[in-house]
$ cat work34.txt   # compact mmCIF, C-alpha atoms and all ligand atoms
# COMPACT_ATOMS: atom_id res chain seq x y z
CA MET A 26 39.93 -0.38 67.59
CA VAL A 27 42.25 2.36 68.85
CA THR A 28 41.61 5.63 67.03
CA THR A 29 43.71 8.78 66.89
CA GLU A 30 41.43 10.30 69.52
CA ASP A 31 42.30 7.54 71.99
CA LEU A 32 46.06 7.98 71.67
CA PRO A 33 48.04 9.64 74.45
CA ARG A 34 49.03 13.22 73.65
CA ILE A 35 52.27 14.69 74.92
CA SER A 36 53.09 18.39 74.86
CA PRO A 37 56.44 20.04 75.68
CA SER A 38 55.16 21.45 78.97
CA GLN A 39 53.94 17.99 80.01
CA MET A 40 57.29 16.53 79.14
CA SER A 41 59.18 19.22 81.08
CA THR A 42 56.99 18.78 84.13
CA TRP A 43 57.37 15.00 84.01
CA ILE A 44 61.16 15.25 83.76
CA SER A 45 61.25 17.70 86.68
CA CYS A 46 58.98 15.60 88.91
CA SER A 47 56.68 12.88 87.64
CA LYS A 48 54.47 13.27 90.71
CA GLU A 49 53.92 16.94 89.91
CA TRP A 50 53.06 15.88 86.37
CA GLU A 51 50.55 13.39 87.71
CA PHE A 52 48.84 16.01 89.88
CA GLY A 53 48.66 18.51 87.03
CA TYR A 54 47.97 16.33 84.03
CA ILE A 55 46.34 13.17 85.34
CA GLN A 56 44.50 14.23 88.48
CA LYS A 57 44.19 17.67 86.88
CA ILE A 58 44.21 19.72 90.05
CA LYS A 59 45.68 23.15 90.84
CA ARG A 60 45.70 25.69 93.63
CA PRO A 61 43.04 28.33 93.00
CA GLY A 62 43.90 31.99 92.51
CA THR A 63 47.12 31.60 90.55
CA ARG A 64 45.83 32.85 87.22
CA ARG A 65 46.81 36.52 86.99
CA VAL A 66 50.31 36.16 85.64
CA PHE A 67 49.09 33.56 83.21
CA GLU A 68 46.39 35.93 82.00
CA ILE A 69 48.92 38.66 81.19
CA GLY A 70 50.95 36.16 79.20
CA GLY A 71 47.91 34.68 77.50
CA TYR A 72 46.44 38.04 76.58
CA PHE A 73 49.74 39.35 75.23
CA HIS A 74 50.34 36.15 73.29
CA GLU A 75 46.93 36.45 71.68
CA LEU A 76 47.69 39.99 70.52
CA LEU A 77 51.11 38.99 69.17
CA HIS A 78 49.48 36.20 67.21
CA VAL A 79 47.17 38.74 65.64
CA TYR A 80 50.15 40.98 64.88
CA TYR A 81 52.19 38.25 63.21
CA GLN A 82 49.25 37.25 61.08
CA LEU A 83 49.33 40.80 59.73
CA LEU A 84 53.01 40.33 58.86
CA ARG A 85 52.25 36.99 57.26
CA GLU A 86 49.75 38.76 55.04
CA GLY A 87 52.50 41.07 53.83
CA GLN A 88 52.22 44.04 56.18
CA LYS A 89 55.50 45.70 57.19
CA PRO A 90 56.78 45.57 60.79
CA GLY A 91 56.06 48.85 62.55
CA SER A 92 54.12 50.33 59.60
CA GLN A 93 51.33 52.79 60.26
CA PHE A 94 48.83 50.17 59.11
CA VAL A 95 49.86 47.61 61.73
CA ILE A 96 50.10 50.28 64.43
CA ASP A 97 46.56 51.44 63.67
CA TYR A 98 45.27 47.89 63.36
CA MET A 99 46.67 46.84 66.71
CA ASP A 100 45.41 50.04 68.31
CA SER A 101 41.88 49.32 67.14
CA ARG A 102 42.26 45.77 68.36
CA LEU A 103 43.39 47.01 71.76
CA LYS A 104 40.51 49.48 71.95
CA ARG A 105 38.10 46.60 71.72
CA SER A 106 39.53 45.36 75.02
CA PHE A 107 38.59 48.68 76.60
CA ASP A 108 34.91 47.70 76.34
CA GLU A 109 35.59 44.86 78.73
CA ILE A 110 37.50 46.83 81.36
CA THR A 111 36.43 46.14 84.91
CA THR A 112 37.92 47.34 88.16
CA GLU A 113 39.64 43.96 88.45
CA ASN A 114 41.35 43.97 85.07
CA VAL A 115 41.94 47.69 84.43
CA GLU A 116 45.61 47.46 85.40
CA LEU A 117 46.12 44.34 83.36
CA VAL A 118 44.61 45.90 80.25
CA ALA A 119 46.68 49.08 80.66
CA LEU A 120 49.87 47.07 81.10
CA VAL A 121 49.30 44.80 78.12
CA THR A 122 48.26 47.76 75.99
CA ARG A 123 51.57 49.46 76.74
CA MET A 124 53.50 46.26 76.08
CA VAL A 125 51.85 45.73 72.70
CA ARG A 126 52.25 49.34 71.56
CA ASP A 127 55.95 49.36 72.50
CA TYR A 128 56.48 46.01 70.84
CA VAL A 129 54.83 47.00 67.57
CA LYS A 130 56.50 50.40 67.35
CA PHE A 131 59.95 49.55 68.69
CA GLN A 132 60.86 45.89 69.01
CA SER A 133 59.26 44.35 65.95
CA PRO A 134 60.81 46.81 63.47
CA ASN A 135 64.18 45.98 65.08
CA ILE A 136 63.92 42.21 64.87
CA ASP A 137 61.40 41.46 62.11
CA ARG A 138 62.50 43.51 59.14
CA GLY A 139 62.69 41.36 56.02
CA ILE A 140 61.35 38.18 57.59
CA LYS A 141 58.89 35.87 55.87
CA VAL A 142 56.33 34.59 58.33
CA LEU A 143 55.41 30.98 57.58
CA GLU A 144 53.29 29.94 60.54
CA VAL A 145 51.72 31.78 63.46
CA GLU A 146 50.80 29.82 66.54
CA ASP A 147 51.29 26.69 64.53
CA PHE A 148 49.67 23.58 65.92
CA LEU A 149 52.34 20.94 65.46
CA GLU A 150 50.98 17.45 65.77
CA TYR A 151 52.80 14.24 64.94
CA GLN A 152 51.81 10.66 65.55
CA VAL A 153 54.75 8.41 66.26
CA THR A 154 55.54 4.88 67.40
CA LEU A 155 57.74 4.80 70.49
CA PRO A 156 60.58 2.28 70.93
CA SER A 157 58.19 0.21 73.09
CA GLY A 158 55.74 -0.03 70.20
CA LYS A 159 53.20 2.35 71.76
CA GLU A 160 51.62 4.99 69.60
CA VAL A 161 51.46 8.56 70.86
CA ILE A 162 50.74 11.99 69.47
CA LEU A 163 53.29 14.71 70.13
CA ASN A 164 51.70 18.11 69.95
CA GLY A 165 52.22 21.74 70.82
CA TYR A 166 51.82 25.26 69.55
CA ALA A 167 54.90 26.92 68.07
CA ASP A 168 54.40 30.68 68.38
CA LEU A 169 56.18 31.66 65.20
CA ILE A 170 57.96 29.86 62.37
CA TYR A 171 59.60 32.10 59.81
CA ARG A 172 62.48 32.62 57.40
CA ASP A 173 64.93 35.38 58.11
CA ARG A 174 66.40 37.67 55.48
CA GLN A 175 69.02 35.03 54.64
CA GLY A 176 66.33 32.38 54.17
CA ARG A 177 67.15 30.48 57.36
CA LEU A 178 64.24 28.69 58.98
CA ARG A 179 63.67 29.89 62.54
CA VAL A 180 61.38 28.90 65.40
CA ARG A 181 60.47 31.60 67.90
CA ASP A 182 58.80 31.32 71.26
CA HIS A 183 57.23 34.38 72.88
CA LYS A 184 57.80 34.77 76.60
CA THR A 185 56.56 37.33 79.07
CA GLY A 186 57.59 37.71 82.67
CA ALA A 187 58.39 40.23 85.36
CA GLN A 188 61.95 39.05 85.95
CA PRO A 189 64.19 39.71 82.93
CA LYS A 190 67.17 37.99 84.56
CA ASN A 191 65.30 34.70 84.31
CA TRP A 192 65.91 34.72 80.57
CA HIS A 193 69.51 34.59 79.40
CA GLN A 194 71.49 33.03 76.58
CA GLY A 195 72.51 29.98 78.59
CA LYS A 196 68.91 28.82 78.77
CA LEU A 197 68.39 28.50 75.04
CA LYS A 198 70.64 25.59 74.17
CA LEU A 199 68.58 23.03 76.05
CA ASN A 200 65.25 24.86 76.14
CA PRO A 201 62.85 21.90 75.96
CA GLN A 202 60.04 23.75 74.17
CA LEU A 203 62.26 24.94 71.34
CA LEU A 204 63.91 21.55 70.97
CA PHE A 205 60.48 19.92 70.92
CA TYR A 206 59.17 22.25 68.21
CA SER A 207 62.30 21.91 66.09
CA ALA A 208 62.28 18.14 66.31
CA VAL A 209 58.55 17.73 65.65
CA TYR A 210 58.56 20.28 62.83
CA TRP A 211 61.42 18.34 61.25
CA GLN A 212 59.40 15.12 61.41
CA ILE A 213 56.37 16.83 59.85
CA SER A 214 58.04 18.90 57.17
CA GLY A 215 61.35 17.15 56.54
CA GLU A 216 63.22 20.43 57.15
CA MET A 217 65.16 21.11 60.34
CA ALA A 218 64.74 24.46 62.01
CA LEU A 219 68.19 24.73 63.57
CA ASP A 220 67.79 28.37 64.55
CA VAL A 221 65.65 28.87 67.64
CA GLU A 222 64.90 31.95 69.68
CA ILE A 223 63.14 33.34 72.71
CA ASN A 224 61.40 36.65 72.25
CA TYR A 225 61.13 37.98 75.79
CA VAL A 226 58.91 40.89 76.81
CA ASN A 227 59.12 42.32 80.30
CA SER A 228 55.65 42.39 81.85
CA TYR A 229 56.62 44.00 85.14
CA ASN A 230 54.14 46.71 86.05
CA TYR A 231 56.46 49.61 86.95
CA LYS A 232 54.70 52.05 89.22
CA ARG A 233 57.28 54.78 88.70
CA THR A 234 59.80 55.26 85.90
CA PRO A 235 60.14 52.14 83.75
CA PRO A 236 63.55 51.18 82.34
CA PRO A 237 64.44 52.40 78.85
CA ILE A 238 62.38 50.73 76.14
CA GLU A 239 65.34 48.74 74.74
CA GLU A 240 65.78 47.08 78.13
CA ARG A 241 62.19 45.83 78.18
CA PHE A 242 62.74 43.42 75.29
CA LYS A 243 65.22 40.64 74.59
CA LEU A 244 65.68 38.42 71.57
CA LEU A 245 67.84 35.45 72.53
CA ARG A 246 69.07 33.18 69.77
CA HIS A 247 70.71 29.79 69.51
CA GLN A 248 71.74 27.64 66.59
CA HIS A 249 71.38 23.88 66.99
CA THR A 250 73.28 21.35 64.94
CA GLU A 251 71.61 18.59 62.94
CA HIS A 252 73.12 16.11 65.34
CA SER A 253 71.59 17.79 68.37
CA ILE A 254 68.11 17.77 66.84
CA ARG A 255 68.43 14.11 65.85
CA ARG A 256 69.66 13.17 69.33
CA TYR A 257 66.91 15.18 70.99
CA TRP A 258 64.32 13.36 68.86
CA GLU A 259 65.60 9.99 70.13
CA TYR A 260 65.64 11.33 73.67
CA LEU A 261 62.07 12.61 73.33
CA LEU A 262 60.82 9.19 72.30
CA GLU A 263 62.75 7.50 75.11
CA GLN A 264 61.30 9.91 77.69
CA ALA A 265 57.78 9.53 76.28
CA ASP A 266 58.11 5.78 76.71
CA ARG A 267 59.19 6.23 80.33
CA MET A 268 56.33 8.63 80.98
CA LEU A 269 53.81 6.07 79.79
CA ASN A 270 55.38 3.03 81.38
CA MET A 271 56.69 4.13 84.77
CA PRO A 272 54.54 4.97 87.80
CA PRO A 273 54.96 8.60 88.93
CA VAL A 274 57.26 9.13 91.91
CA GLU A 275 57.98 12.14 94.10
CA ASN A 276 61.20 14.02 93.44
CA TYR A 277 61.76 15.53 96.87
CA GLY A 278 64.14 18.46 97.12
CA GLU A 279 64.50 22.16 97.80
CA HIS A 280 62.54 22.92 94.64
CA CYS A 281 59.46 21.48 96.41
CA THR A 282 59.04 24.73 98.34
CA ALA A 283 58.00 26.43 95.10
CA CYS A 284 55.66 23.61 94.05
CA GLN A 285 51.92 24.12 94.41
CA TYR A 286 51.52 20.47 95.42
CA ASN A 287 53.96 20.75 98.30
CA PRO A 288 51.23 20.59 101.01
CA ILE A 289 49.98 17.29 99.55
CA CYS A 290 53.41 15.71 99.36
CA ASP A 291 54.25 17.00 102.81
CA LEU A 292 51.15 15.42 104.31
CA ALA A 293 51.68 12.14 102.45
CA LEU A 294 55.31 12.05 103.58
CA ARG A 295 54.19 12.31 107.18
CA GLY A 296 51.83 9.40 106.64
CA PHE A 297 48.50 11.24 106.59
CA PRO A 298 45.69 10.85 104.05
CA THR A 299 45.55 13.69 101.53
CA GLY A 300 42.02 13.44 100.14
CA ASP A 301 40.47 16.13 102.38
CA LEU A 302 43.29 18.57 101.62
CA ILE A 303 42.90 18.05 97.89
CA ARG A 304 39.14 18.53 98.07
CA SER A 305 39.31 21.65 100.23
CA SER A 306 42.35 23.44 98.80
CA TYR A 307 42.59 22.45 95.14
CA GLU A 308 40.33 22.81 92.14
CA LYS A 309 39.98 20.96 88.89
CA ILE A 310 41.81 22.13 85.80
CA THR A 311 39.54 22.20 82.78
CA ARG A 312 42.04 20.75 80.32
CA ASN A 313 41.99 17.09 79.42
CA TYR A 314 44.81 14.77 78.58
CA SER A 315 44.73 11.24 77.40
CA VAL A 316 47.97 10.06 78.95
CA GLN A 317 47.44 6.81 80.78
CA LEU A 318 49.28 5.69 83.85
CA PRO A 319 50.55 2.16 84.33
CA THR A 320 49.37 2.05 87.95
CA THR A 321 46.94 3.79 90.26
CA PRO A 322 48.53 6.82 91.97
CA THR A 323 49.59 6.36 95.57
CA THR A 324 49.69 9.98 96.82
CA GLY A 325 46.29 11.64 97.03
CA THR A 326 42.94 9.97 96.65
CA GLU A 327 41.73 11.19 93.28
CA PRO A 328 41.50 8.44 90.70
CA SER A 329 43.34 8.95 87.44
CA THR A 330 41.15 10.12 84.65
CA GLN A 331 41.93 9.13 81.12
CA GLU A 332 40.23 11.36 78.65
CA THR A 333 40.91 12.66 75.24
CA ASN A 334 42.94 15.83 75.10
CA LYS A 335 40.69 18.70 74.11
CA GLU A 336 42.88 21.55 75.34
CA SER A 337 45.18 21.92 72.43
CA THR A 338 43.37 19.82 69.87
CA PRO A 339 42.18 21.66 66.80
CA THR A 340 38.70 21.21 65.43
CA ASP A 341 39.55 18.51 62.93
CA LYS A 342 40.67 15.63 65.12
CA SER A 343 40.30 13.00 62.42
CA SER A 344 43.35 14.09 60.49
CA LYS A 345 46.88 13.53 61.67
CA GLN A 346 50.55 14.27 61.23
CA GLY A 347 50.36 18.00 60.86
CA ASP A 348 47.56 18.39 58.36
CA ASN A 349 45.15 19.79 60.90
CA ARG A 350 46.81 22.99 61.98
CA VAL A 351 44.29 25.60 62.97
CA PRO A 352 45.44 28.83 64.61
CA ARG A 353 43.47 29.79 67.70
CA PHE A 354 43.61 33.51 67.05
CA VAL A 355 42.65 34.59 63.58
CA ILE A 356 42.34 38.15 62.34
CA PRO A 357 38.82 38.39 60.96
CA SER A 358 39.59 40.55 57.95
CA LEU A 359 42.05 38.02 56.56
CA GLY A 360 40.49 34.72 57.58
CA SER A 361 42.33 31.51 58.33
CA ARG A 362 44.17 29.15 56.08
CA THR A 363 41.35 26.70 56.51
CA GLY A 364 38.81 29.28 55.42
CA ALA A 365 37.16 29.28 58.82
CA GLY A 366 37.62 33.05 59.33
CA ILE A 367 36.90 32.92 63.04
CA PRO A 368 36.13 36.36 64.38
CA GLN A 369 37.95 37.33 67.56
CA ASN A 370 36.32 39.01 70.46
S1 LIG B 1 56.26 18.90 96.18
FE1 LIG B 1 58.12 18.07 95.28
S2 LIG B 1 57.80 15.88 95.20
FE2 LIG B 1 55.80 16.84 95.48
S3 LIG B 1 54.98 17.08 93.43
FE3 LIG B 1 56.00 18.97 93.96
S4 LIG B 1 58.07 18.74 93.15
FE4 LIG B 1 57.17 16.71 93.23

$ encode --input "work34.txt" --output "structure tokens" --more "lines below"
Ligand code: SF4
Amino acid sequence: MVTTEDLPRISPSQMSTWISCSKEWEFGYIQKIKRPGTRRVFEIGGYFHELLHVYYQLLREGQKPGSQFVIDYMDSRLKRSFDEITTENVELVALVTRMVRDYVKFQSPNIDRGIKVLEVEDFLEYQVTLPSGKEVILNGYADLIYRDRQGRLRVRDHKTGAQPKNWHQGKLKLNPQLLFYSAVYWQISGEMALDVEINYVNSYNYKRTPPPIEERFKLLRHQHTEHSIRRYWEYLLEQADRMLNMPPVENYGEHCTACQYNPICDLALRGFPTGDLIRSSYEKITRNYSVQLPTTPTTGTEPSTQETNKESTPTDKSSKQGDNRVPRFVIPSLGSRTGAGIPQN
């Protein structure tokens, strides 16, 4: 009997990668390989995200944006990181500390006054039957779901990056993560979050004078229509069906120069075996996904593995359709909605 644990899980980043190049998706999510040594930028983002999740839990508990209480709380939280400073991460800790302090004191009071935080790092999970009849679970973490002062439901995604020009208004309309969260949240709750936003924080480590504080943050907003969310939902199911039913194929192009799997594709294109290159120059990613391929991959020599997704699955895997949301980062003094009260280190 097929259980929920056996079902394929599809996240927005998987879907985006598959749409961009299904071969890249196969390398990353099926073979689960990556080039070593590409973690630093991710760590800045991950660390900052964690701290923002703590911060927004404080707001959810009724604390005011930018109040002395939240400033002091976040400062004490940051100081705990100082115990773990090493020569390797000292710059990273200093940078993220500055980002968080500026965010709490400047940006949040500007953009969060009067909001009602509903969910922080909400694990959205929805089991659905695709047009082909296959069952899948769509899942992902929405950073923040809240109501603004006018009562409008909004979905926010936090982004960090060292190139502010990469984030501009034109990117929001078809941002796949925000569409995914809006559509899945609608299926779970029955309410459409038409208002979506990117909360960008510049993580460039300026050695000299940084730009003025207001230029280090951006809140980009877009308002979807009901029709666009409904159409995206149909599109999502159609794409999920293709992902599960079509063998991955290379999407050769200029974008390949920026792809970490370019050496593999290059070698395969020239007719050489790729197994030795994969073994010597790539390492295994520790996440697991249960997406199954219709055929054995042709590029590379690693067999497809088909395991249950543990990466973004909360502790209670027996429940389904949104009733098992467990935040990963929980402030210890307030506990979690499930009563778990997981202390953070
Ligand atoms: S190098 Fe190009 S074809 Fe190969 S996986 Fe990357 S994007 Fe796809």

$ atom_distance --input "work34.txt" --atom1 "CA of Val226 (chain A)" --atom2 "CA of Val142 (chain A)"
19.7 Å

$ atom_distance --input "work34.txt" --atom1 "CA of Asp182 (chain A)" --atom2 "CA of Ser214 (chain A)"
18.8 Å

$ atom_distance --input "work34.txt" --atom1 "CA of Asn287 (chain A)" --atom2 "CA of Leu261 (chain A)"
27.5 Å

$ closest_residue --input "work34.txt" --among "A:Cys284, A:Leu245, A:Ile310, A:Val79" --to "ligand LIG 1 (chain B)" --atoms "all atoms listed in the file"
A:Cys284

$ residues_near_ligand --input "work34.txt" --ligand "ligand LIG 1 (chain B)" --cutoff "10 Å" --atoms "only C-alpha atoms and all ligand atoms" --output "ChimeraX atom specification"
/A:42-43,45-53,273-291,293-294,324

$ residues_around --input "work34.txt" --residues "Arg241 (chain A)" --least-positions-apart "2" --cutoff "9 Å" --atoms "all atoms listed in the file" --output "list in words"
Met124, Pro189, Tyr225, Val226, Asn227, Ser228, Pro235, Pro236, Pro237, Ile238, Glu239 and Lys243 of chain A

$ decode --input "work34.txt" --residues "region 95-186 of chain A" --atoms "C-alpha atoms" --output "compact mmCIF listing (two decimals), in the first residue's frame"
# COMPACT_ATOMS: atom_id res chain seq x y z
CA VAL A 95 12.91 43.01 20.49
CA ILE A 96 16.18 44.90 20.04
CA ASP A 97 17.48 43.52 23.34
CA TYR A 98 16.15 40.04 22.62
CA MET A 99 17.81 39.86 19.23
CA ASP A 100 21.03 41.27 20.66
CA SER A 101 21.16 38.54 23.28
CA ARG A 102 20.39 36.00 20.58
CA LEU A 103 23.23 37.34 18.46
CA LYS A 104 25.63 37.28 21.41
CA ARG A 105 25.10 33.57 21.69
CA SER A 106 26.63 33.26 18.22
CA PHE A 107 29.76 34.98 19.51
CA ASP A 108 30.56 31.86 21.56
CA GLU A 109 30.93 29.95 18.32
CA ILE A 110 33.18 32.42 16.51
CA THR A 111 36.14 30.86 14.77
CA THR A 112 38.70 32.42 12.48
CA GLU A 113 36.73 30.99 9.56
CA ASN A 114 33.36 32.45 10.45
CA VAL A 115 34.27 35.68 12.26
CA GLU A 116 33.51 37.83 9.21
CA LEU A 117 30.27 36.02 8.56
CA VAL A 118 29.07 36.49 12.13
CA ALA A 119 30.01 40.20 12.11
CA LEU A 120 28.21 40.74 8.81
CA VAL A 121 25.02 38.95 9.82
CA THR A 122 25.05 40.69 13.20
CA ARG A 123 25.11 44.06 11.45
CA MET A 124 22.38 43.00 9.03
CA VAL A 125 20.08 41.85 11.83
CA ARG A 126 20.63 44.93 14.00
CA ASP A 127 19.94 47.27 11.08
CA TYR A 128 16.90 45.26 10.08
CA VAL A 129 15.36 45.25 13.55
CA LYS A 130 16.05 48.91 14.27
CA PHE A 131 15.39 50.40 10.84
CA GLN A 132 13.65 48.24 8.27
CA SER A 133 11.13 46.32 10.35
CA PRO A 134 9.63 49.42 12.02
CA ASN A 135 9.22 50.85 8.50
CA ILE A 136 7.47 47.88 6.95
CA ASP A 137 5.91 45.93 9.82
CA ARG A 138 4.01 48.48 11.87
CA GLY A 139 0.47 47.29 12.53
CA ILE A 140 0.83 43.88 10.92
CA LYS A 141 -0.61 40.70 12.39
CA VAL A 142 1.79 37.83 11.96
CA LEU A 143 -0.07 34.60 11.24
CA GLU A 144 2.68 32.14 10.35
CA VAL A 145 6.47 32.21 10.55
CA GLU A 146 8.42 29.84 8.36
CA ASP A 147 5.22 28.01 7.71
CA PHE A 148 5.56 24.49 6.41
CA LEU A 149 2.96 24.30 3.67
CA GLU A 150 2.18 20.77 2.66
CA TYR A 151 -0.63 19.64 0.41
CA GLN A 152 -1.36 16.25 -1.06
CA VAL A 153 -2.95 16.43 -4.47
CA THR A 154 -3.94 14.20 -7.37
CA LEU A 155 -2.36 15.28 -10.65
CA PRO A 156 -4.25 15.21 -13.97
CA SER A 157 -2.51 11.88 -14.72
CA GLY A 158 -3.97 10.37 -11.55
CA LYS A 159 -0.65 10.34 -9.67
CA GLU A 160 -0.58 11.49 -6.09
CA VAL A 161 2.10 13.94 -4.98
CA ILE A 162 2.80 16.17 -2.03
CA LEU A 163 3.55 19.81 -2.73
CA ASN A 164 5.55 21.33 0.06
CA GLY A 165 7.68 24.31 0.98
CA TYR A 166 8.39 26.81 3.71
CA ALA A 167 6.73 30.21 3.41
CA ASP A 168 8.87 32.67 5.38
CA LEU A 169 6.05 34.87 6.59
CA ILE A 170 2.28 34.96 6.23
CA TYR A 171 0.57 37.97 7.77
CA ARG A 172 -2.26 40.48 7.59
CA ASP A 173 -1.42 44.08 6.94
CA ARG A 174 -3.08 47.01 8.66
CA GLN A 175 -5.97 46.84 6.18
CA GLY A 176 -6.48 43.14 6.89
CA ARG A 177 -5.09 41.94 3.56
CA LEU A 178 -3.45 38.53 3.60
CA ARG A 179 0.18 38.72 2.46
CA VAL A 180 2.92 36.20 1.77
CA ARG A 181 6.50 37.38 2.20
CA ASP A 182 9.73 35.75 1.17
CA HIS A 183 13.02 36.86 2.72
CA LYS A 184 15.96 37.17 0.35
CA THR A 185 19.57 38.03 0.94
CA GLY A 186 22.23 38.65 -1.66
